[in-house]
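Trainee: File name final.pdb; file contents PDB, C-alpha atoms, pLDDT in the B column; full text below.
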ATOM      1  CA  MET A 313       0.000   0.000   0.000  1.00 86.00           C
ATOM      2  CA  ARG A 314       1.314   3.451  -0.893  1.00 90.00           C
ATOM      3  CA  VAL A 315       1.038   5.926   1.972  1.00 91.00           C
ATOM      4  CA  TYR A 316       1.931   9.603   2.067  1.00 93.00           C
ATOM      5  CA  VAL A 317       3.656  10.805   5.233  1.00 93.00           C
ATOM      6  CA  PRO A 318       3.569  14.554   5.974  1.00 95.00           C
ATOM      7  CA  LEU A 319       6.851  16.037   7.198  1.00 94.00           C
ATOM      8  CA  THR A 320       8.830  19.259   7.309  1.00 94.00           C
ATOM      9  CA  LEU A 321      12.372  19.715   6.004  1.00 94.00           C
ATOM     10  CA  PRO A 322      13.792  19.294   9.547  1.00 94.00           C
ATOM     11  CA  GLY A 323      11.692  16.116   9.877  1.00 93.00           C
ATOM     12  CA  LEU A 324      13.081  14.863   6.575  1.00 93.00           C
ATOM     13  CA  ALA A 325      16.628  15.643   7.756  1.00 92.00           C
ATOM     14  CA  GLU A 326      15.989  13.645  10.931  1.00 92.00           C
ATOM     15  CA  ALA A 327      14.650  10.741   8.881  1.00 91.00           C
ATOM     16  CA  TYR A 328      17.798  10.831   6.751  1.00 92.00           C
ATOM     17  CA  LYS A 329      20.055  10.842   9.825  1.00 92.00           C
ATOM     18  CA  THR A 330      18.220   7.984  11.574  1.00 91.00           C
ATOM     19  CA  GLY A 331      17.373   5.965   8.466  1.00 90.00           C
ATOM     20  CA  GLU A 332      13.709   5.859   9.534  1.00 90.00           C
ATOM     21  CA  VAL A 333      10.649   7.949   8.799  1.00 89.00           C
ATOM     22  CA  GLY A 334       9.276   8.612  12.286  1.00 78.00           C
ATOM     23  CA  ALA A 335       9.162   6.386  15.333  1.00 74.00           C
ATOM     24  CA  GLY A 336       5.651   5.090  14.744  1.00 71.00           C
ATOM     25  CA  PRO A 337       2.838   4.879  14.811  1.00 82.00           C
ATOM     26  CA  LEU A 338       2.872   7.388  11.985  1.00 87.00           C
ATOM     27  CA  VAL A 339      -0.021   9.452  10.709  1.00 89.00           C
ATOM     28  CA  ALA A 340      -0.117   9.156   6.944  1.00 89.00           C
ATOM     29  CA  TYR A 341      -2.606   9.421   4.094  1.00 90.00           C
ATOM     30  CA  ALA A 342      -3.653   6.775   1.600  1.00 89.00           C
ATOM     31  CA  VAL A 343      -6.436   5.785  -0.754  1.00 85.00           C
ATOM     32  CA  THR A 344      -8.992   4.624   1.816  1.00 83.00           C
ATOM     33  CA  PRO A 345     -12.645   3.655   1.231  1.00 79.00           C
ATOM     34  CA  ALA A 346     -13.731   6.998   2.735  1.00 80.00           C
ATOM     35  CA  LEU A 347     -11.412   8.917   0.381  1.00 79.00           C
ATOM     36  CA  ARG A 348     -12.743   6.940  -2.602  1.00 76.00           C
ATOM     37  CA  GLU A 349     -16.308   7.770  -1.610  1.00 78.00           C
ATOM     38  CA  TRP A 350     -15.532  11.457  -1.070  1.00 76.00           C
ATOM     39  CA  TYR A 351     -13.516  11.879  -4.277  1.00 74.00           C
ATOM     40  CA  LEU A 352     -15.934   9.894  -6.478  1.00 73.00           C
ATOM     41  CA  SER A 353     -13.313   8.582  -8.864  1.00 70.00           C
ATOM     42  CA  ASP A 354     -12.075   5.154  -9.874  1.00 75.00           C
ATOM     43  CA  ASP A 355      -8.848   6.541 -11.351  1.00 81.00           C
ATOM     44  CA  ILE A 356      -6.111   5.379  -8.971  1.00 83.00           C
ATOM     45  CA  GLU A 357      -3.742   8.174 -10.038  1.00 86.00           C
ATOM     46  CA  GLU A 358      -6.358  10.804  -9.180  1.00 86.00           C
ATOM     47  CA  LEU A 359      -7.068   9.100  -5.861  1.00 87.00           C
ATOM     48  CA  GLU A 360      -3.369   8.936  -4.991  1.00 88.00           C
ATOM     49  CA  TYR A 361      -3.041  12.622  -5.883  1.00 88.00           C
ATOM     50  CA  ALA A 362      -5.953  13.359  -3.525  1.00 88.00           C
ATOM     51  CA  ALA A 363      -4.176  11.411  -0.738  1.00 89.00           C
ATOM     52  CA  LEU A 364      -0.941  13.304  -1.499  1.00 91.00           C
ATOM     53  CA  SER A 365      -2.863  16.590  -1.293  1.00 91.00           C
ATOM     54  CA  ARG A 366      -4.310  15.601   2.101  1.00 92.00           C
ATOM     55  CA  ALA A 367      -0.756  14.876   3.302  1.00 93.00           C
ATOM     56  CA  ALA A 368       0.411  18.254   1.959  1.00 94.00           C
ATOM     57  CA  LEU A 369      -2.264  19.954   4.082  1.00 93.00           C
ATOM     58  CA  ALA A 370      -1.076  17.955   7.095  1.00 93.00           C
ATOM     59  CA  SER A 371       2.484  19.104   6.344  1.00 95.00           C
ATOM     60  CA  LEU A 372       1.196  22.686   6.354  1.00 95.00           C
ATOM     61  CA  ARG A 373      -0.220  22.011   9.831  1.00 93.00           C
ATOM     62  CA  LEU A 374       3.210  20.780  10.941  1.00 93.00           C
ATOM     63  CA  LEU A 375       4.738  24.001   9.590  1.00 95.00           C
ATOM     64  CA  ALA A 376       2.182  26.097  11.479  1.00 95.00           C
ATOM     65  CA  ALA A 377       3.282  24.342  14.679  1.00 94.00           C
ATOM     66  CA  ASP A 378       7.017  24.807  13.940  1.00 94.00           C
ATOM     67  CA  PRO A 379       7.763  28.447  13.095  1.00 91.00           C
ATOM     68  CA  GLY A 380      11.484  27.682  12.746  1.00 92.00           C
ATOM     69  CA  ALA A 381      11.042  25.181   9.902  1.00 94.00           C
ATOM     70  CA  PRO A 382      11.591  26.368   6.322  1.00 95.00           C
ATOM     71  CA  ARG A 383       8.217  27.220   4.792  1.00 96.00           C
ATOM     72  CA  ARG A 384       8.112  24.303   2.351  1.00 96.00           C
ATOM     73  CA  ARG A 385       5.631  21.428   2.591  1.00 96.00           C
ATOM     74  CA  VAL A 386       7.156  17.937   2.498  1.00 96.00           C
ATOM     75  CA  VAL A 387       5.406  14.640   1.766  1.00 96.00           C
ATOM     76  CA  VAL A 388       7.191  11.287   1.665  1.00 95.00           C
ATOM     77  CA  ALA A 389       5.610   8.499  -0.388  1.00 95.00           C
ATOM     78  CA  VAL A 390       6.274   5.096   1.151  1.00 92.00           C
ATOM     79  CA  ASP A 391       5.209   1.588   0.217  1.00 89.00           C
ATOM     80  CA  VAL A 392       4.217  -0.464   3.270  1.00 87.00           C
ATOM     81  CA  PRO A 393       2.621  -3.905   3.603  1.00 83.00           C
ATOM     82  CA  ASP A 394      -1.191  -3.647   3.579  1.00 77.00           C
ATOM     83  CA  GLY A 395      -1.494  -4.813   7.174  1.00 77.00           C
ATOM     84  CA  GLN A 396       0.917  -2.149   8.424  1.00 76.00           C
ATOM     85  CA  ALA A 397      -1.443   0.765   7.619  1.00 75.00           C
ATOM     86  CA  SER A 398      -4.981   1.052   8.911  1.00 78.00           C
ATOM     87  CA  ALA A 399      -7.683   3.695   9.010  1.00 77.00           C
ATOM     88  CA  GLU A 400      -8.871   4.814  12.425  1.00 64.00           C
ATOM     89  CA  PRO A 401     -12.157   2.943  12.931  1.00 54.00           C
ATOM     90  CA  GLY A 402     -13.786   5.648  15.055  1.00 54.00           C
ATOM     91  CA  ARG A 403     -13.120   8.533  12.666  1.00 53.00           C
ATOM     92  CA  GLY A 404     -15.853   7.561  10.208  1.00 53.00           C
ATOM     93  CA  PRO A 405     -16.864  10.285   7.745  1.00 54.00           C
ATOM     94  CA  ASP A 406     -14.947  13.062   9.559  1.00 56.00           C
ATOM     95  CA  PRO A 407     -13.869  15.366   6.674  1.00 61.00           C
ATOM     96  CA  ALA A 408     -10.633  16.202   8.484  1.00 64.00           C
ATOM     97  CA  ALA A 409      -9.684  12.516   8.512  1.00 73.00           C
ATOM     98  CA  LEU A 410     -10.338  11.643   4.851  1.00 78.00           C
ATOM     99  CA  GLY A 411      -7.583   9.318   3.727  1.00 85.00           C
ATOM    100  CA  GLU A 412      -5.897   9.333   7.139  1.00 87.00           C
ATOM    101  CA  VAL A 413      -4.241   6.098   8.211  1.00 88.00           C
ATOM    102  CA  ARG A 414      -1.936   4.990  11.014  1.00 87.00           C
ATOM    103  CA  VAL A 415       1.240   3.162  10.083  1.00 87.00           C
ATOM    104  CA  ALA A 416       2.380   0.784  12.797  1.00 84.00           C
ATOM    105  CA  GLY A 417       6.045   1.249  13.648  1.00 80.00           C
ATOM    106  CA  ALA A 418       8.795   3.181  11.978  1.00 81.00           C
ATOM    107  CA  VAL A 419       9.351   2.899   8.243  1.00 87.00           C
ATOM    108  CA  ALA A 420      12.856   2.370   6.898  1.00 87.00           C
ATOM    109  CA  LEU A 421      14.083   5.178   4.676  1.00 89.00           C
ATOM    110  CA  ALA A 422      14.923   2.502   2.102  1.00 89.00           C
ATOM    111  CA  LYS A 423      11.142   1.992   1.642  1.00 89.00           C
ATOM    112  CA  VAL A 424      10.660   5.589   0.474  1.00 92.00           C
ATOM    113  CA  ALA A 425       9.404   5.626  -3.115  1.00 93.00           C
ATOM    114  CA  SER A 426       9.660   9.402  -3.603  1.00 95.00           C
ATOM    115  CA  VAL A 427       9.731  12.734  -1.813  1.00 96.00           C
ATOM    116  CA  HIS A 428       7.503  15.682  -2.731  1.00 96.00           C
ATOM    117  CA  VAL A 429       8.582  19.194  -1.690  1.00 96.00           C
ATOM    118  CA  ASP A 430       7.534  22.751  -2.453  1.00 95.00           C
ATOM    119  CA  SER A 431       9.871  24.825  -4.582  1.00 94.00           C
ATOM    120  CA  THR A 432      11.583  27.802  -2.971  1.00 93.00           C
ATOM    121  CA  GLU A 433       9.259  30.045  -5.012  1.00 94.00           C
ATOM    122  CA  ALA A 434       6.303  28.674  -3.009  1.00 95.00           C
ATOM    123  CA  GLU A 435       7.766  29.720   0.356  1.00 95.00           C
ATOM    124  CA  PRO A 436       5.962  33.099   0.663  1.00 95.00           C
ATOM    125  CA  ASP A 437       2.558  31.541  -0.092  1.00 95.00           C
ATOM    126  CA  VAL A 438       3.220  28.564   2.182  1.00 96.00           C
ATOM    127  CA  ALA A 439       4.356  30.899   4.981  1.00 96.00           C
ATOM    128  CA  ALA A 440       1.177  32.960   4.615  1.00 96.00           C
ATOM    129  CA  ALA A 441      -0.943  29.790   4.541  1.00 95.00           C
ATOM    130  CA  ALA A 442       0.691  28.415   7.696  1.00 95.00           C
ATOM    131  CA  GLN A 443      -0.002  31.708   9.455  1.00 95.00           C
ATOM    132  CA  ALA A 444      -3.640  31.791   8.258  1.00 94.00           C
ATOM    133  CA  LEU A 445      -4.411  28.151   9.022  1.00 91.00           C
ATOM    134  CA  GLN A 446      -5.876  28.656  12.499  1.00 92.00           C
ATOM    135  CA  ALA A 447      -8.226  31.403  11.306  1.00 94.00           C
ATOM    136  CA  ALA A 448      -9.237  29.283   8.296  1.00 92.00           C
ATOM    137  CA  ASP A 449     -10.054  26.389  10.614  1.00 89.00           C
ATOM    138  CA  ALA A 450     -12.267  28.783  12.593  1.00 91.00           C
ATOM    139  CA  GLY A 451     -14.286  29.584   9.458  1.00 91.00           C
ATOM    140  CA  ASP A 452     -12.604  32.768   8.194  1.00 94.00           C
ATOM    141  CA  ASP A 453     -13.171  32.760   4.414  1.00 94.00           C
ATOM    142  CA  ASP A 454     -10.338  35.216   3.715  1.00 95.00           C
ATOM    143  CA  ALA A 455      -7.910  33.041   5.666  1.00 93.00           C
ATOM    144  CA  GLN A 456      -9.170  29.961   3.789  1.00 92.00           C
ATOM    145  CA  PHE A 457      -8.411  31.766   0.529  1.00 94.00           C
ATOM    146  CA  VAL A 458      -4.818  32.277   1.741  1.00 94.00           C
ATOM    147  CA  VAL A 459      -4.528  28.596   2.749  1.00 93.00           C
ATOM    148  CA  ASP A 460      -5.894  27.549  -0.638  1.00 92.00           C
ATOM    149  CA  GLY A 461      -3.192  29.709  -2.247  1.00 90.00           C
ATOM    150  CA  ALA A 462      -0.530  27.276  -1.047  1.00 92.00           C
ATOM    151  CA  GLU A 463      -2.359  24.500  -2.877  1.00 89.00           C
ATOM    152  CA  ASP A 464      -1.814  26.399  -6.131  1.00 90.00           C
ATOM    153  CA  HIS A 465       1.815  25.268  -5.902  1.00 94.00           C
ATOM    154  CA  GLU A 466       2.507  21.737  -7.097  1.00 93.00           C
ATOM    155  CA  LEU A 467       4.932  19.768  -4.975  1.00 95.00           C
ATOM    156  CA  LEU A 468       8.080  18.830  -6.861  1.00 94.00           C
ATOM    157  CA  TRP A 469       9.053  15.159  -7.174  1.00 95.00           C
ATOM    158  CA  TYR A 470      12.401  13.900  -5.887  1.00 94.00           C
ATOM    159  CA  ALA A 471      13.951  10.444  -5.726  1.00 92.00           C
ATOM    160  CA  ARG A 472      14.976   9.035  -2.347  1.00 90.00           C
ATOM    161  CA  GLN A 473      18.627   9.451  -3.378  1.00 91.00           C
ATOM    162  CA  GLU A 474      18.113  13.235  -3.557  1.00 91.00           C
ATOM    163  CA  ILE A 475      17.178  13.589   0.126  1.00 91.00           C
ATOM    164  CA  PRO A 476      20.705  14.635   1.229  1.00 87.00           C
ATOM    165  CA  ASN A 477      20.601  17.561  -1.196  1.00 87.00           C
ATOM    166  CA  LEU A 478      17.096  18.567  -0.101  1.00 89.00           C
ATOM    167  CA  VAL A 479      18.110  18.771   3.562  1.00 84.00           C
ATOM    168  CA  GLY A 480      21.514  20.376   2.981  1.00 78.00           C
ATOM    169  CA  LEU A 481      23.584  17.288   3.761  1.00 62.00           C
ATOM    170  CA  GLY A 482      24.677  16.506   0.205  1.00 52.00           C
ATOM    171  CA  ASP A 483      28.156  16.760  -1.209  1.00 47.00           C
TER     172      ASP A 483
END
Any chance you could give the structure as structure tokens?
Mentor:
Amino acid sequence: MRVYVPLTLPGLAEAYKTGEVGAGPLVAYAVTPALREWYLSDDIEELEYAALSRAALASLRLLAADPGAPRRRVVVAVDVPDGQASAEPGRGPDPAALGEVRVAGAVALAKVASVHVDSTEAEPDVAAAAQALQAADAGDDDAQFVVDGAEDHELLWYARQEIPNLVGLGD
């Protein structure tokens, strides 16, 4: 099963240093039955993009909680055995939990399929979105417009081997 783990650049650097993505259980996003029902598509690529987008929003939440992190969303795509990821049974149709899964245990960095990161050009919009997130959650339409502005930026695709360069540890 492909899961999308939200991180920040410091979180990605830590994963590179330890060789593991998180200590587990990890919150991630995947194509779940609830996401399929919400998105109303049978196209697996569209559904995976929707799960990636949900993880990007979760990364934005991590940025809002860590003002020292560079203002770039980070999502790590990882392939895990089907039994290792499960949806929270009590969450049901909660819109905030669409596609959310828990991954039991840490995931080896070697299992990372790809890394998705904002470009440096997105940083001002991502910074504004992180700052507006709390007001958007409270129902402020103007703040929601600012948060949506970050989604206008596509995350760039990187191979696992490029992680050292992304986190400033490359040669």
Trainee: I'd like to know which of A:Thr344, A:Thr330, A:Ser353, A:Ser426 is closest to Asp391 in chain A, using all atoms listed in the file.
Mentor: A:Ser426
Trainee: Could you state which residues are captured by the PyMOL selection byres ((chain A and resi 425) around 7) in this file, as a PyMOL selection string?
Mentor: chain A and resi 389-391+423-424+426+472
Trainee: Please tell me which residues are no farther than 6 Å from (14.7, 2.7, 10.2) in the file, counting all atoms listed in the file, and write them as a list in words.
Mentor: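 Answer for this query, in the requested form: Gly331, Glu332, Val419 and Ala420 of chain A.
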Trainee: Skipping near chain neighbours, those fewer than 6 positions away, what residues fall within 6 Å of Asp430 in chain A using only C-alpha atoms, listed as a list in words?
Mentor: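 My list of contacting residues is Arg384, Arg385, Leu467 and Leu468 of chain A.
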Trainee: How far is it from CA of Ser371 in chain A to CA of Tyr316 in chain A, in Å with one decimal?
Mentor: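 Atom-to-atom, CA of Ser371 in chain A and CA of Tyr316 in chain A are spaced 10.4 Å apart.
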Trainee: Pull out every residue that the PyMOL selection byres ((chain A and resi 317) around 8) matches in the shown coordinates and put them as a short mmCIF file (atom, residue, chain, number, x, y, z; two decimals) with C-alpha atoms, in the frame of the given file.
Mentor:
data_model
loop_
_atom_site.label_atom_id
_atom_site.label_comp_id
_atom_site.auth_asym_id
_atom_site.auth_seq_id
_atom_site.Cartn_x
_atom_site.Cartn_y
_atom_site.Cartn_z
CA VAL A 315 1.04 5.93 1.97
CA TYR A 316 1.93 9.60 2.07
CA PRO A 318 3.57 14.55 5.97
CA LEU A 319 6.85 16.04 7.20
CA LEU A 338 2.87 7.39 11.98
CA VAL A 339 -0.02 9.45 10.71
CA ALA A 340 -0.12 9.16 6.94
CA TYR A 341 -2.61 9.42 4.09
CA ALA A 367 -0.76 14.88 3.30
CA VAL A 387 5.41 14.64 1.77
CA VAL A 388 7.19 11.29 1.66
CA ALA A 389 5.61 8.50 -0.39
CA VAL A 390 6.27 5.10 1.15
#
Trainee: Please return as an NGL selection string every residue within 12 Å of (-3.1, 23.7, 10.3), taking into account only C-alpha atoms and the file's own coordinates.
Mentor: :A and (366-378 or 385 or 408 or 438-450 or 455-456 or 459-460)
Trainee: Find, counting all atoms listed in the file, the residue in A:Leu359, A:Ala325, A:Val333, A:Ala471 that gets nearest to Ala416 in chain A.
Mentor: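 Residue with the minimum atom-to-atom distance to Ala416 in chain A: A:Val333.
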Trainee: Please, can range 361-372 of chain A be completed to all heavy atoms and returned as a short mmCIF file (atom, residue, chain, number, x, y, z; two decimals), in the frame of the given file?
Mentor:
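File written: out_23.cif
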data_model
loop_
_atom_site.label_atom_id
_atom_site.label_comp_id
_atom_site.auth_asym_id
_atom_site.auth_seq_id
_atom_site.Cartn_x
_atom_site.Cartn_y
_atom_site.Cartn_z
N TYR A 361 -3.31 11.18 -5.93
CA TYR A 361 -3.04 12.62 -5.88
C TYR A 361 -3.87 13.28 -4.77
O TYR A 361 -3.38 14.16 -4.06
CB TYR A 361 -3.34 13.28 -7.24
CG TYR A 361 -2.99 14.74 -7.26
CD1 TYR A 361 -1.67 15.15 -7.39
CD2 TYR A 361 -3.98 15.71 -7.11
CE1 TYR A 361 -1.34 16.51 -7.38
CE2 TYR A 361 -3.66 17.06 -7.11
CZ TYR A 361 -2.34 17.44 -7.24
OH TYR A 361 -2.02 18.78 -7.23
N ALA A 362 -5.11 12.83 -4.60
CA ALA A 362 -5.95 13.36 -3.52
C ALA A 362 -5.34 13.03 -2.16
O ALA A 362 -5.31 13.87 -1.26
CB ALA A 362 -7.37 12.80 -3.63
N ALA A 363 -4.83 11.80 -2.00
CA ALA A 363 -4.18 11.41 -0.74
C ALA A 363 -2.91 12.24 -0.52
O ALA A 363 -2.65 12.71 0.60
CB ALA A 363 -3.85 9.92 -0.74
N LEU A 364 -2.14 12.46 -1.58
CA LEU A 364 -0.94 13.30 -1.50
C LEU A 364 -1.32 14.73 -1.09
O LEU A 364 -0.65 15.35 -0.25
CB LEU A 364 -0.22 13.32 -2.85
CG LEU A 364 0.96 14.27 -2.98
CD1 LEU A 364 2.15 13.80 -2.17
CD2 LEU A 364 1.35 14.42 -4.44
N SER A 365 -2.40 15.24 -1.64
CA SER A 365 -2.86 16.59 -1.29
C SER A 365 -3.28 16.68 0.17
O SER A 365 -3.04 17.69 0.85
CB SER A 365 -4.02 17.00 -2.20
OG SER A 365 -3.59 17.07 -3.54
N ARG A 366 -3.93 15.63 0.68
CA ARG A 366 -4.31 15.60 2.10
C ARG A 366 -3.05 15.62 2.97
O ARG A 366 -3.00 16.29 3.99
CB ARG A 366 -5.15 14.36 2.40
CG ARG A 366 -6.43 14.22 1.60
CD ARG A 366 -7.47 15.24 1.88
NE ARG A 366 -7.90 15.10 3.27
CZ ARG A 366 -8.73 15.93 3.86
NH1 ARG A 366 -9.22 16.95 3.21
NH2 ARG A 366 -9.08 15.76 5.11
N ALA A 367 -2.02 14.88 2.56
CA ALA A 367 -0.76 14.88 3.30
C ALA A 367 -0.07 16.24 3.23
O ALA A 367 0.56 16.67 4.20
CB ALA A 367 0.16 13.77 2.77
N ALA A 368 -0.18 16.92 2.09
CA ALA A 368 0.41 18.25 1.96
C ALA A 368 -0.25 19.23 2.93
O ALA A 368 0.42 20.07 3.54
CB ALA A 368 0.30 18.75 0.52
N LEU A 369 -1.56 19.11 3.11
CA LEU A 369 -2.26 19.95 4.08
C LEU A 369 -1.79 19.62 5.50
O LEU A 369 -1.59 20.51 6.32
CB LEU A 369 -3.77 19.78 3.97
CG LEU A 369 -4.62 20.58 4.96
CD1 LEU A 369 -4.35 22.08 4.86
CD2 LEU A 369 -6.10 20.28 4.75
N ALA A 370 -1.59 18.35 5.78
CA ALA A 370 -1.08 17.95 7.10
C ALA A 370 0.34 18.48 7.31
O ALA A 370 0.70 18.88 8.41
CB ALA A 370 -1.12 16.43 7.23
N SER A 371 1.14 18.52 6.25
CA SER A 371 2.48 19.10 6.34
C SER A 371 2.39 20.59 6.66
O SER A 371 3.17 21.12 7.46
CB SER A 371 3.25 18.88 5.03
OG SER A 371 4.51 19.53 5.08
N LEU A 372 1.41 21.26 6.06
CA LEU A 372 1.20 22.69 6.35
C LEU A 372 0.87 22.87 7.84
O LEU A 372 1.34 23.81 8.48
CB LEU A 372 0.07 23.23 5.48
CG LEU A 372 -0.21 24.72 5.61
CD1 LEU A 372 0.99 25.55 5.17
CD2 LEU A 372 -1.44 25.10 4.80
#
